[in-house]
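**Q** For reference, this is target.tsv, and it has TSV, C-alpha atoms.
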chain	number	residue	atom	x	y	z
A	1	MET	CA	-52.31	25.44	49.55
A	2	LEU	CA	-55.92	24.67	48.59
A	3	ILE	CA	-57.30	28.15	49.24
A	4	PHE	CA	-54.62	29.84	47.08
A	5	ASN	CA	-55.38	27.47	44.22
A	6	ILE	CA	-59.09	28.30	44.42
A	7	ALA	CA	-58.37	32.03	44.52
A	8	SER	CA	-56.14	31.77	41.45
A	9	GLY	CA	-58.74	29.80	39.51
A	10	ASN	CA	-57.06	26.40	39.62
A	11	TYR	CA	-60.03	24.08	40.08
A	12	ASP	CA	-58.19	20.81	39.49
A	13	VAL	CA	-56.81	20.52	43.01
A	14	ARG	CA	-58.48	18.68	45.90
A	15	GLY	CA	-57.71	18.57	49.61
A	16	ASN	CA	-57.15	15.23	51.31
A	17	THR	CA	-59.35	14.19	54.22
A	18	SER	CA	-58.78	11.67	56.98
A	19	SER	CA	-61.18	8.95	58.09
A	20	ARG	CA	-62.04	10.85	61.29
A	21	GLY	CA	-64.91	12.89	59.85
A	22	ASP	CA	-64.07	15.76	62.19
A	23	GLU	CA	-64.31	19.55	61.77
A	24	LEU	CA	-61.13	19.72	59.71
A	25	ASP	CA	-62.40	17.03	57.33
A	26	ALA	CA	-65.67	18.96	57.07
A	27	VAL	CA	-63.84	22.17	56.10
A	28	ILE	CA	-61.66	20.38	53.53
A	29	THR	CA	-64.70	18.58	52.09
A	30	ALA	CA	-66.60	21.87	51.90
A	31	LEU	CA	-63.72	23.39	49.94
A	32	ASN	CA	-63.55	20.36	47.64
A	33	MET	CA	-67.29	20.56	46.97
A	34	LEU	CA	-67.00	24.31	46.39
A	35	ILE	CA	-64.20	23.71	43.88
A	36	GLU	CA	-66.40	21.20	42.01
A	37	GLU	CA	-69.24	23.72	41.84
A	38	LEU	CA	-66.94	26.55	40.70
A	39	LYS	CA	-65.30	24.31	38.10
A	40	ALA	CA	-68.68	23.23	36.68
A	41	LYS	CA	-69.99	26.80	36.57
A	42	ASN	CA	-66.74	28.02	35.01
A	43	GLU	CA	-66.95	25.34	32.31
A	44	LEU	CA	-70.57	26.24	31.65
A	45	LYS	CA	-69.63	29.91	31.34
A	46	SER	CA	-66.70	29.12	29.03
A	47	GLY	CA	-68.98	26.97	26.87
A	48	SER	CA	-71.59	29.70	26.51
A	49	ASN	CA	-68.94	32.26	25.52
A	50	ASN	CA	-67.67	30.09	22.63
B	1	MET	CA	-79.54	1.45	61.62
B	2	ASN	CA	-82.09	-1.03	62.95
B	3	MET	CA	-82.39	-3.99	60.57
B	4	ASN	CA	-85.13	-5.87	62.46
B	5	ASN	CA	-88.00	-4.87	60.21
B	6	VAL	CA	-86.74	-5.95	56.83
B	7	ASN	CA	-89.58	-6.65	54.41
B	8	SER	CA	-87.61	-7.24	51.23
B	9	ARG	CA	-84.37	-8.65	50.07
B	10	ILE	CA	-81.31	-6.60	50.91
B	11	ILE	CA	-79.39	-5.13	48.00
B	12	THR	CA	-75.75	-4.28	48.61
B	13	THR	CA	-74.05	-2.00	46.13
B	14	ARG	CA	-70.47	-0.75	46.12
B	15	THR	CA	-71.32	2.04	48.57
B	16	ALA	CA	-74.52	1.10	50.40
B	17	ARG	CA	-76.89	-1.53	51.73
B	18	GLN	CA	-80.60	-1.07	50.91
B	19	TRP	CA	-83.87	-2.68	51.82
B	20	LEU	CA	-87.56	-1.94	52.23
B	21	GLY	CA	-88.85	-1.96	55.80
B	22	ASP	CA	-92.12	-3.60	56.82
B	23	ASP	CA	-93.43	-0.07	57.42
B	24	GLY	CA	-93.01	0.62	53.69
B	25	ILE	CA	-90.06	2.97	54.27
B	26	GLY	CA	-87.00	2.39	52.12
B	27	ARG	CA	-83.70	2.28	53.97
B	28	ARG	CA	-80.21	2.93	52.66
B	29	VAL	CA	-77.11	2.70	54.82
B	30	ASN	CA	-73.85	3.96	53.42
B	31	LEU	CA	-70.96	1.57	53.97
B	32	PRO	CA	-68.07	2.84	56.11
B	33	ASN	CA	-65.87	5.43	54.39
B	34	SER	CA	-67.89	5.20	51.20
B	35	LYS	CA	-67.06	7.69	48.45
B	36	GLU	CA	-69.99	8.15	46.11
B	37	SER	CA	-69.50	8.79	42.42
B	38	LEU	CA	-72.13	9.19	39.71
B	39	SER	CA	-72.06	5.48	38.88
B	40	ASP	CA	-72.70	4.69	42.56
B	41	ALA	CA	-75.66	7.07	42.65
B	42	ILE	CA	-77.12	5.49	39.51
B	43	GLU	CA	-76.64	2.01	41.00
B	44	ASN	CA	-78.20	3.02	44.33
B	45	ILE	CA	-81.24	4.68	42.77
B	46	ALA	CA	-81.74	1.66	40.49
B	47	ALA	CA	-81.59	-0.64	43.52
B	48	CYS	CA	-84.10	1.55	45.36
B	49	ALA	CA	-86.44	1.55	42.33
B	50	GLU	CA	-86.24	-2.23	42.20
B	51	LEU	CA	-87.06	-2.57	45.91
B	52	CYS	CA	-90.03	-0.20	45.81
B	53	GLY	CA	-91.35	-1.46	42.46
B	54	GLY	CA	-90.78	1.92	40.85
B	55	SER	CA	-93.34	3.73	42.98
B	56	LYS	CA	-92.71	6.80	45.16
B	57	THR	CA	-91.44	5.78	48.56
B	58	LEU	CA	-90.41	7.43	51.81
B	59	ALA	CA	-86.66	7.08	52.23
B	60	LEU	CA	-84.43	6.95	55.28
B	61	ILE	CA	-80.83	7.44	54.22
B	62	ASP	CA	-78.11	6.77	56.77
B	63	CYS	CA	-75.14	8.81	55.56
B	64	ARG	CA	-73.10	8.34	58.71
B	65	GLY	CA	-70.60	6.15	56.88
B	66	MET	CA	-70.16	8.44	53.90
B	67	SER	CA	-66.81	10.18	53.46
B	68	SER	CA	-67.44	12.04	50.20
B	69	ILE	CA	-69.85	12.46	47.30
B	70	SER	CA	-69.13	13.92	43.88
B	71	ARG	CA	-71.04	16.82	42.35
B	72	GLU	CA	-72.43	14.54	39.66
B	73	ALA	CA	-73.70	12.08	42.26
B	74	ARG	CA	-75.40	14.88	44.22
B	75	GLU	CA	-77.05	16.13	41.05
B	76	TYR	CA	-78.31	12.64	40.28
B	77	TYR	CA	-79.77	12.19	43.77
B	78	ALA	CA	-81.59	15.51	43.39
B	79	GLY	CA	-82.61	14.84	39.80
B	80	GLU	CA	-85.44	13.32	37.83
B	81	GLU	CA	-84.67	9.63	38.36
B	82	ALA	CA	-84.51	9.97	42.15
B	83	SER	CA	-87.59	12.23	42.21
B	84	LYS	CA	-89.63	9.57	40.42
B	85	ILE	CA	-89.25	7.15	43.34
B	86	THR	CA	-88.87	9.49	46.33
B	87	LYS	CA	-91.84	10.86	48.26
B	88	ALA	CA	-89.67	12.36	51.02
B	89	CYS	CA	-86.18	11.77	52.33
B	90	ALA	CA	-84.79	11.84	55.86
B	91	ILE	CA	-81.00	11.86	56.07
B	92	LEU	CA	-79.21	10.57	59.14
B	93	VAL	CA	-75.95	12.36	59.95
B	94	ASP	CA	-73.64	12.44	62.96
B	95	SER	CA	-70.12	13.82	62.46
B	96	PRO	CA	-69.21	17.36	61.37
B	97	LEU	CA	-68.30	15.85	57.98
B	98	THR	CA	-71.64	14.13	57.35
B	99	ARG	CA	-73.53	17.19	58.62
B	100	LEU	CA	-71.59	19.30	56.11
B	101	ILE	CA	-72.32	16.89	53.24
B	102	GLY	CA	-76.02	16.81	54.16
B	103	ASN	CA	-76.34	20.57	54.46
B	104	PHE	CA	-74.41	21.15	51.24
B	105	PHE	CA	-76.71	18.75	49.38
B	106	MET	CA	-79.85	20.40	50.76
B	107	ARG	CA	-78.76	23.95	50.03
B	108	VAL	CA	-76.99	23.55	46.70
B	109	ASN	CA	-78.86	20.65	45.09
B	110	ARG	CA	-82.50	21.60	45.43
B	111	THR	CA	-84.70	18.51	45.46
B	112	THR	CA	-88.33	18.47	44.37
B	113	TYR	CA	-89.18	16.19	47.30
B	114	PRO	CA	-89.12	17.17	51.01
B	115	ILE	CA	-85.79	16.47	52.65
B	116	LYS	CA	-84.49	16.95	56.20
B	117	LEU	CA	-81.41	16.08	58.25
B	118	PHE	CA	-81.59	14.14	61.51
B	119	THR	CA	-79.19	12.83	64.11
B	120	SER	CA	-81.81	10.48	65.56
B	121	GLU	CA	-83.33	7.58	63.61
B	122	LYS	CA	-86.42	7.74	65.81
B	123	ASP	CA	-87.03	11.42	65.00
B	124	ALA	CA	-86.39	10.77	61.31
B	125	LEU	CA	-89.04	8.02	61.23
B	126	ILE	CA	-91.56	10.21	63.06
B	127	TRP	CA	-91.04	12.96	60.48
B	128	LEU	CA	-91.32	10.55	57.54
B	129	ARG	CA	-94.52	9.00	58.88
B	130	GLY	CA	-96.02	12.48	59.16
B	131	ILE	CA	-95.50	13.21	55.45
So, in terms of structure tokens, how does the structure I just supplied come out?
**A**
Amino acid sequence: MLIFNIASGNYDVRGNTSSRGDELDAVITALNMLIEELKAKNELKSGSNN
Amino acid sequence: MNMNNVNSRIITTRTARQWLGDDGIGRRVNLPNSKESLSDAIENIAACAELCGGSKTLALIDCRGMSSISREAREYYAGEEASKITKACAILVDSPLTRLIGNFFMRVNRTTYPIKLFTSEKDALIWLRGI
């Protein structure tokens, strides 16, 4: 499940959306965008620690 | 979006249709279920720059057809290249999904130009003309 992957630091997963553009698609898209932000910040942090 | 007042050629990219209105406001309409990547953002900004001759222009962006946008694309739209040609930007949204994308962009990717979400094209144009 998407939320468990985020919590465990797996930022390579993405949720699938439908073409409806409804509330559920909005939540999944929000999580996908959050994952992208966390992944980028995590990579930046890893790079600065090396 | 109303296409009666077209004052330029229309450029269609992989994800959007763009033109300059006879009121000097640039229009971009996302194609249905468009998913924007960085290369799409670069292509769209280049098309916009071509239409407005590289000068700063008011922009009305109809995102109602958009289904997703990558982080890199959002950064590009908020970045230097877009800022060079954008005086202010009104974004048209409708569904919960497009509202989310618009709000996420506004709150996470801080633009140097004024930006606001609208559900009405008329209200968006009034706001842009007041800039």
**Q** Using all atoms listed in the file and a distance of at most 10 Å, pull out the residues of chain A that contact chain B, as a list in words.
**A**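 Here is what falls inside 10 Å: Thr17, Ser18, Ser19, Arg20, Gly21, Asp22, Glu23, Leu24, Asp25, Ala26, Val27, Ile28, Thr29, Ala30, Asn32, Met33, Leu34, Ile35, Glu36, Glu37 and Ala40 of chain A.
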**Q** Please produce an output containing C-alpha atoms for each residue in the selection, written as a PDB file, keeping the file's coordinate frame.
**A**
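As written to disk, out-v9.pdb reads:
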ATOM      1  CA  THR A  17     -59.350  14.190  54.220  1.00  0.00           C
ATOM      2  CA  SER A  18     -58.780  11.670  56.980  1.00  0.00           C
ATOM      3  CA  SER A  19     -61.180   8.950  58.090  1.00  0.00           C
ATOM      4  CA  ARG A  20     -62.040  10.850  61.290  1.00  0.00           C
ATOM      5  CA  GLY A  21     -64.910  12.890  59.850  1.00  0.00           C
ATOM      6  CA  ASP A  22     -64.070  15.760  62.190  1.00  0.00           C
ATOM      7  CA  GLU A  23     -64.310  19.550  61.770  1.00  0.00           C
ATOM      8  CA  LEU A  24     -61.130  19.720  59.710  1.00  0.00           C
ATOM      9  CA  ASP A  25     -62.400  17.030  57.330  1.00  0.00           C
ATOM     10  CA  ALA A  26     -65.670  18.960  57.070  1.00  0.00           C
ATOM     11  CA  VAL A  27     -63.840  22.170  56.100  1.00  0.00           C
ATOM     12  CA  ILE A  28     -61.660  20.380  53.530  1.00  0.00           C
ATOM     13  CA  THR A  29     -64.700  18.580  52.090  1.00  0.00           C
ATOM     14  CA  ALA A  30     -66.600  21.870  51.900  1.00  0.00           C
ATOM     15  CA  ASN A  32     -63.550  20.360  47.640  1.00  0.00           C
ATOM     16  CA  MET A  33     -67.290  20.560  46.970  1.00  0.00           C
ATOM     17  CA  LEU A  34     -67.000  24.310  46.390  1.00  0.00           C
ATOM     18  CA  ILE A  35     -64.200  23.710  43.880  1.00  0.00           C
ATOM     19  CA  GLU A  36     -66.400  21.200  42.010  1.00  0.00           C
ATOM     20  CA  GLU A  37     -69.240  23.720  41.840  1.00  0.00           C
ATOM     21  CA  ALA A  40     -68.680  23.230  36.680  1.00  0.00           C
TER      22      ALA A  40
END
**Q** Suppose you want the space between atom CA of Tyr77 of chain B and atom CA of Glu43 of chain A; what is it in Å?
**A**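 So the answer is 21.6 Å.
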**Q** Suppose you want the space between atom CA of Gly9 of chain A and atom CA of Arg110 of chain B; what is it in Å?
**A** 25.8 Å
**Q** Can you tell me, as a PDB file with C-alpha atoms, in the frame of the given file, which residues sit within 6 Å of (-85.2, 5.9, 55.8) in the file's frame, using all atoms listed in the file?
**A**
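Final output, point_37.pdb:
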ATOM      1  CA  ILE B  25     -90.060   2.970  54.270  1.00  0.00           C
ATOM      2  CA  GLY B  26     -87.000   2.390  52.120  1.00  0.00           C
ATOM      3  CA  ARG B  27     -83.700   2.280  53.970  1.00  0.00           C
ATOM      4  CA  ALA B  59     -86.660   7.080  52.230  1.00  0.00           C
ATOM      5  CA  LEU B  60     -84.430   6.950  55.280  1.00  0.00           C
ATOM      6  CA  ILE B  61     -80.830   7.440  54.220  1.00  0.00           C
ATOM      7  CA  ALA B  90     -84.790  11.840  55.860  1.00  0.00           C
TER       8      ALA B  90
END
**Q** What is the atom CA of Arg74 of chain B to atom CA of Asn16 of chain A distance in Å?
**A** 19.6 Å
**Q** The centre and edge lengths of an axis-aligned box containing all atoms of segment 29-33 of chain A present in the file, extended by 3 Å on each side, are to be given in Å to one decimal, as JSON.
**A**
{"center_x": -65.4, "center_y": 21.0, "center_z": 49.5, "size_x": 9.7, "size_y": 10.8, "size_z": 11.1}
**Q** Select, counting only C-alpha atoms, all protein, DNA and RNA residues no farther than 7 Å from (-90.5, 10.9, 49.3) in file coordinates, and express the selection as a PyMOL selection string.
**A** chain B and resi 56-59+86-89+113-114
**Q** For the residues in that selection, give me C-alpha atoms as a PDB file, keeping the file's coordinate frame.
**A**
ATOM      1  CA  LYS B  56     -92.710   6.800  45.160  1.00  0.00           C
ATOM      2  CA  THR B  57     -91.440   5.780  48.560  1.00  0.00           C
ATOM      3  CA  LEU B  58     -90.410   7.430  51.810  1.00  0.00           C
ATOM      4  CA  ALA B  59     -86.660   7.080  52.230  1.00  0.00           C
ATOM      5  CA  THR B  86     -88.870   9.490  46.330  1.00  0.00           C
ATOM      6  CA  LYS B  87     -91.840  10.860  48.260  1.00  0.00           C
ATOM      7  CA  ALA B  88     -89.670  12.360  51.020  1.00  0.00           C
ATOM      8  CA  CYS B  89     -86.180  11.770  52.330  1.00  0.00           C
ATOM      9  CA  TYR B 113     -89.180  16.190  47.300  1.00  0.00           C
ATOM     10  CA  PRO B 114     -89.120  17.170  51.010  1.00  0.00           C
TER      11      PRO B 114
END
**Q** Taking all atoms listed in the file into account, name the residue in B:Ala73, B:Ile85, B:Leu117, B:Leu31 that is nearest to Gly54 of chain B.
**A**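 Going through B:Ala73, B:Ile85, B:Leu117, B:Leu31 one by one, the smallest distance to Gly54 of chain B is for B:Ile85.
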**Q** Given all atoms listed in the file as the basis, pick out the residue of B:Leu51, B:Leu125, B:Ile45, B:Cys63 nearest to Ser83 of chain B.
**A**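 Smallest distance to Ser83 of chain B is found for B:Ile45.
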